[in-house]
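A.B. asks: Let me begin by handing over the structure; questions about it come next.
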Amino acid sequence: MLKNYSRRDFILQNLMVGAGMGLTSMVPYRPRKDDLPAILGGPKAHAGDWSRWPIWKPETDEARVLDVLRSGKWSRANVVADFEARWAELIGSKRCLTLVNGTNSLFVSLLQLGIGGGDEVILPPYTFIACPQAILATGAIPVFADIDKATYQIDPKKLEAKITPRTKAILPVHILGFPCDMVSIMKIAKKHNLVVVEDACQAWLAEIDHKKVGTFGDAGCFSFQNSKNIPMGEGGAIVSDNDEFMDRCYSYHNYGLAHGSVKPEPGGSFVMAGTKLRLTEYQAAIGFSQLVRFQDQTDLRERNAAYLKSLLENIPGIITYSVYENVTKSVFHLFPFRYDQEQFKGLPRSEFLNALRAEGVPCSSGYVPLNKMPYLEHAFKSKNFQKMYTAEELDIQKYNENNSCPLNDELCEEAVWLSQNMLLGNRTDMENIAHAIQKIHKNADKIKKQNA
Ligand SMILES: *Cc1c(COP(=O)(O)O)cnc(C)c1O
């Protein structure tokens, strides 16, 4: 009953979007007359609001959460277990374990696949800080392999070139919601006998050849943090088909208490080193409320992204994303493009971003290079690292040289991001974004002059 109502609600809302689509698709989109950019006193290209995030509909979303609150069962129990079963089913994995967040899902996966002190784990530099931090937390050293600017993903050839006798694992990241080249990466992993933990923390439901990302490697990790496409405040999950591995993860996240194939021993039932990383019942209930809209939202983002991409492709100096040929679904945690300052009369990206914001189009410059930030040296100077590695292995100068990623440096200077909630609008909203950028492009020299 509850489910039906909210689904109808969503369809109604979508029908209106659909009606808008019908109208605009009758009239092919044309850049509008040459009005002044908002930053120079002209009208905003987008005067309205964007979809709020997270979306919360009291009438449909609160009942399940209230049930949990009134039950007094707040710590891990049935609702969490039900959510795990549902998530495993959605992703097409045998097992799912939820945890407190995506960061710890990565950490626990690596740890329970045997990664630790003395090991190297290869990852892309174009990612969220959680990735290298999860590797460092195991005692292993993160090794950065450069990216492909067209797809924003780790370049498998660069990855293979980074393999040494110490390499034990690969942490590929499906960044921005686009699948990375998992087919090539799995071939490399098999050839060199490496563990693979997929970071799908931005790629819920993304697919390669109709197979969900997170199911290619030894483990797949997800995040349900507030900004993510399926938000529950904080939350994360590991999926895998490997029962013994999943039992170890379960035990680890629950104080090392025996679980499944991790059997109690004659000496007692706390058989593993572990800690406590359990999701709560009300978080899982919030997750269920979001799941009702999740697939329709994912499809809507994909449609709007395709339309927006088609509009931006016509603007000189805006370089749109590419996806690998075998990708059957991208899920757009972010909508990225690259900004070519030269084609905008030398207007710096920071000034382009300000001009775009003035048009009513929120945007950001995205990631900074994670392969050269102070946290690495801090970890290398820690007591544990000093005991596990030689001074030469912890030479930060040498580390920086070996981990330079020039293409990533360029990408971090060129990228512009729009956030996923903006893709929940209608076709006119997408046209407003394109129009805003058109205006800035046409008047780039004036904006530059005003700022000088
Ligand atoms: C959000 C995110 C994480 C970490 O997830 P949290 O739930 O915030 O801990 C890891 N990797 C990527 C790529 C992410 O975007």
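To be explicit about the labels: the chains of the structure tokens are called A, B, and onward in the order shown, and within each one the residues are counted from 1, while ligands get numbers from 1 in the order they are shown.
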Sorted by chain and rising residue number, which residues of chain A lie within 7 Å of ligand 1, and what are their closest atom pairs and distances in Å to one decimal, counting only C-alpha atoms and all ligand atoms, as a tab-separated table?

C.D. replies:
```
residue	atom	partner	partner_atom_place_in_ligand_line	distance
A:Asn101	CA	ligand 1	7 (O)	3.8
A:Gly102	CA	ligand 1	5 (O)	3.4
A:Thr103	CA	ligand 1	9 (O)	3.7
A:Asn104	CA	ligand 1	9 (O)	6.5
A:Thr127	CA	ligand 1	13 (C)	5.4
A:Phe128	CA	ligand 1	13 (C)	4.8
A:Ala130	CA	ligand 1	10 (C)	4.9
A:Cys131	CA	ligand 1	11 (N)	5.7
A:Val173	CA	ligand 1	13 (C)	6.2
A:Ile175	CA	ligand 1	13 (C)	5.8
A:Asp199	CA	ligand 1	11 (N)	5.9
A:Ala200	CA	ligand 1	13 (C)	6.8
A:Cys201	CA	ligand 1	12 (C)	4.6
A:Gln202	CA	ligand 1	15 (O)	5.1
A:Ser223	CA	ligand 1	7 (O)	4.2
A:Phe224	CA	ligand 1	7 (O)	5.7
A:Gln225	CA	ligand 1	7 (O)	4.7
A:Lys228	CA	ligand 1	1 (C)	7.0
A:Glu234	CA	ligand 1	7 (O)	5.9
A:Gly235	CA	ligand 1	7 (O)	5.6
A:Gly236	CA	ligand 1	7 (O)	5.5
```

A.B. asks: Name the residues in contact with Leu123 in chain A at a cut-off of 10 Å, using only C-alpha atoms, excluding same-chain residues fewer than 2 positions from it; report them as a list of chain:residue names.

C.D. replies: A:Glu120, A:Val121, A:Pro125, A:Tyr126, A:Thr127, A:Cys131, A:Pro132, A:Ile135, A:Pro142, A:Val143, A:Phe144, A:Ala145, A:Asp146, A:Ile147, A:Ile154, A:Leu159, A:Lys162, A:Ala169, A:Ile170, A:Leu171, A:Pro172, A:Val173, A:Asp199, A:Asn371

A.B. asks: Restricted to N, CA, C and O atoms, what would the selected residues look like written as a compact mmCIF listing (two decimals), in the first residue's frame?

C.D. replies:
```
# COMPACT_ATOMS: atom_id res chain seq x y z
N GLU A 120 51.64 -3.50 -1.52
CA GLU A 120 51.28 -2.32 -2.32
C GLU A 120 49.91 -2.55 -2.95
O GLU A 120 49.61 -3.65 -3.40
N VAL A 121 49.11 -1.50 -2.95
CA VAL A 121 47.78 -1.57 -3.57
C VAL A 121 47.67 -0.45 -4.61
O VAL A 121 47.93 0.72 -4.29
N PRO A 125 44.45 8.12 -8.96
CA PRO A 125 44.50 9.34 -8.15
C PRO A 125 43.22 10.16 -8.27
O PRO A 125 42.96 11.01 -7.41
N TYR A 126 42.43 9.94 -9.32
CA TYR A 126 41.19 10.71 -9.50
C TYR A 126 40.08 9.99 -8.76
O TYR A 126 39.31 9.21 -9.33
N THR A 127 40.02 10.21 -7.44
CA THR A 127 39.04 9.54 -6.61
C THR A 127 38.85 10.30 -5.32
O THR A 127 39.48 11.34 -5.08
N CYS A 131 39.75 6.31 -0.50
CA CYS A 131 40.46 5.17 -1.11
C CYS A 131 41.88 5.02 -0.59
O CYS A 131 42.22 3.97 -0.03
N PRO A 132 42.74 6.05 -0.75
CA PRO A 132 44.08 5.87 -0.20
C PRO A 132 44.08 5.73 1.33
O PRO A 132 44.91 5.00 1.87
N ILE A 135 43.50 2.14 2.27
CA ILE A 135 44.70 1.33 2.02
C ILE A 135 45.72 1.55 3.15
O ILE A 135 46.26 0.59 3.72
N PRO A 142 49.66 2.86 -0.75
CA PRO A 142 48.92 3.13 -1.99
C PRO A 142 49.88 3.51 -3.13
O PRO A 142 50.79 4.31 -2.91
N VAL A 143 49.64 2.92 -4.28
CA VAL A 143 50.45 3.22 -5.47
C VAL A 143 49.49 3.75 -6.54
O VAL A 143 48.52 3.08 -6.89
N PHE A 144 49.79 4.96 -7.02
CA PHE A 144 48.85 5.62 -7.93
C PHE A 144 49.21 5.37 -9.39
O PHE A 144 50.36 5.54 -9.79
N ALA A 145 48.22 4.95 -10.17
CA ALA A 145 48.39 4.76 -11.62
C ALA A 145 47.54 5.80 -12.34
O ALA A 145 46.39 6.03 -11.96
N ASP A 146 48.12 6.43 -13.34
CA ASP A 146 47.47 7.59 -13.97
C ASP A 146 46.17 7.18 -14.69
O ASP A 146 45.89 6.00 -14.91
N ILE A 147 45.41 8.21 -15.05
CA ILE A 147 44.05 8.01 -15.54
C ILE A 147 43.97 8.31 -17.05
O ILE A 147 44.91 8.79 -17.66
N ILE A 154 40.81 5.00 -14.19
CA ILE A 154 42.18 4.48 -14.16
C ILE A 154 42.49 3.84 -15.52
O ILE A 154 41.63 3.17 -16.11
N LEU A 159 48.22 1.08 -15.09
CA LEU A 159 48.06 0.23 -13.91
C LEU A 159 49.06 -0.94 -13.98
O LEU A 159 49.80 -1.20 -13.04
N LYS A 162 52.64 -0.40 -13.12
CA LYS A 162 52.95 -0.12 -11.71
C LYS A 162 53.13 -1.38 -10.86
O LYS A 162 53.42 -1.28 -9.66
N ALA A 169 47.19 -6.05 -4.49
CA ALA A 169 45.78 -5.78 -4.79
C ALA A 169 45.63 -4.57 -5.71
O ALA A 169 46.53 -3.73 -5.82
N ILE A 170 44.46 -4.54 -6.37
CA ILE A 170 44.06 -3.38 -7.17
C ILE A 170 42.77 -2.85 -6.57
O ILE A 170 41.88 -3.63 -6.21
N LEU A 171 42.69 -1.52 -6.46
CA LEU A 171 41.46 -0.88 -6.00
C LEU A 171 40.93 -0.01 -7.15
O LEU A 171 41.15 1.21 -7.18
N PRO A 172 40.26 -0.63 -8.13
CA PRO A 172 39.69 0.18 -9.20
C PRO A 172 38.48 0.94 -8.69
O PRO A 172 37.75 0.42 -7.83
N VAL A 173 38.29 2.16 -9.17
CA VAL A 173 37.18 2.99 -8.71
C VAL A 173 36.30 3.33 -9.92
O VAL A 173 36.82 3.78 -10.94
N ASP A 199 35.75 -0.26 -5.96
CA ASP A 199 35.08 0.85 -5.28
C ASP A 199 33.91 1.30 -6.17
O ASP A 199 34.10 2.00 -7.16
N ASN A 371 47.62 12.10 -4.99
CA ASN A 371 48.91 11.42 -4.96
C ASN A 371 50.00 12.31 -4.40
O ASN A 371 51.14 11.87 -4.26
```

A.B. asks: Taking only range 66-149 of chain A into account, list the residues labelled strand (DSSP E) by DSSP (computed from the backbone), as a ChimeraX atom specification.

C.D. replies: /A:95-99,120-123,141-144

A.B. asks: Produce a file of the selected residues containing C-alpha atoms, as a PDB file, in the first residue's frame.

C.D. replies:
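Saved file again-v7.pdb follows:
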```
ATOM      1  CA  ARG A  95      25.941 -11.840  -0.211  1.00  0.00           C
ATOM      2  CA  CYS A  96      25.867  -8.305   1.149  1.00  0.00           C
ATOM      3  CA  LEU A  97      27.092  -6.938   4.468  1.00  0.00           C
ATOM      4  CA  THR A  98      26.280  -3.370   5.469  1.00  0.00           C
ATOM      5  CA  LEU A  99      28.738  -1.317   7.511  1.00  0.00           C
ATOM      6  CA  GLU A 120      51.283  -2.323  -2.324  1.00  0.00           C
ATOM      7  CA  VAL A 121      47.775  -1.572  -3.572  1.00  0.00           C
ATOM      8  CA  ILE A 122      47.263   0.166  -6.923  1.00  0.00           C
ATOM      9  CA  LEU A 123      44.535   2.803  -7.277  1.00  0.00           C
ATOM     10  CA  ILE A 141      51.161   1.521   0.648  1.00  0.00           C
ATOM     11  CA  PRO A 142      48.918   3.134  -1.994  1.00  0.00           C
ATOM     12  CA  VAL A 143      50.453   3.220  -5.473  1.00  0.00           C
ATOM     13  CA  PHE A 144      48.847   5.622  -7.931  1.00  0.00           C
TER      14      PHE A 144
END
```

A.B. asks: So, with only C-alpha atoms as the atoms that count, which of A:Val183, A:Ala203, A:Leu113, A:Leu194 lies closest to Pro165 in chain A?

C.D. replies: A:Leu194

A.B. asks: Using only C-alpha atoms, which of the listed residues (A:Val197, A:Val331, A:Ala415, A:Leu423) sits closest to Gly217 in chain A?

C.D. replies: A:Val197
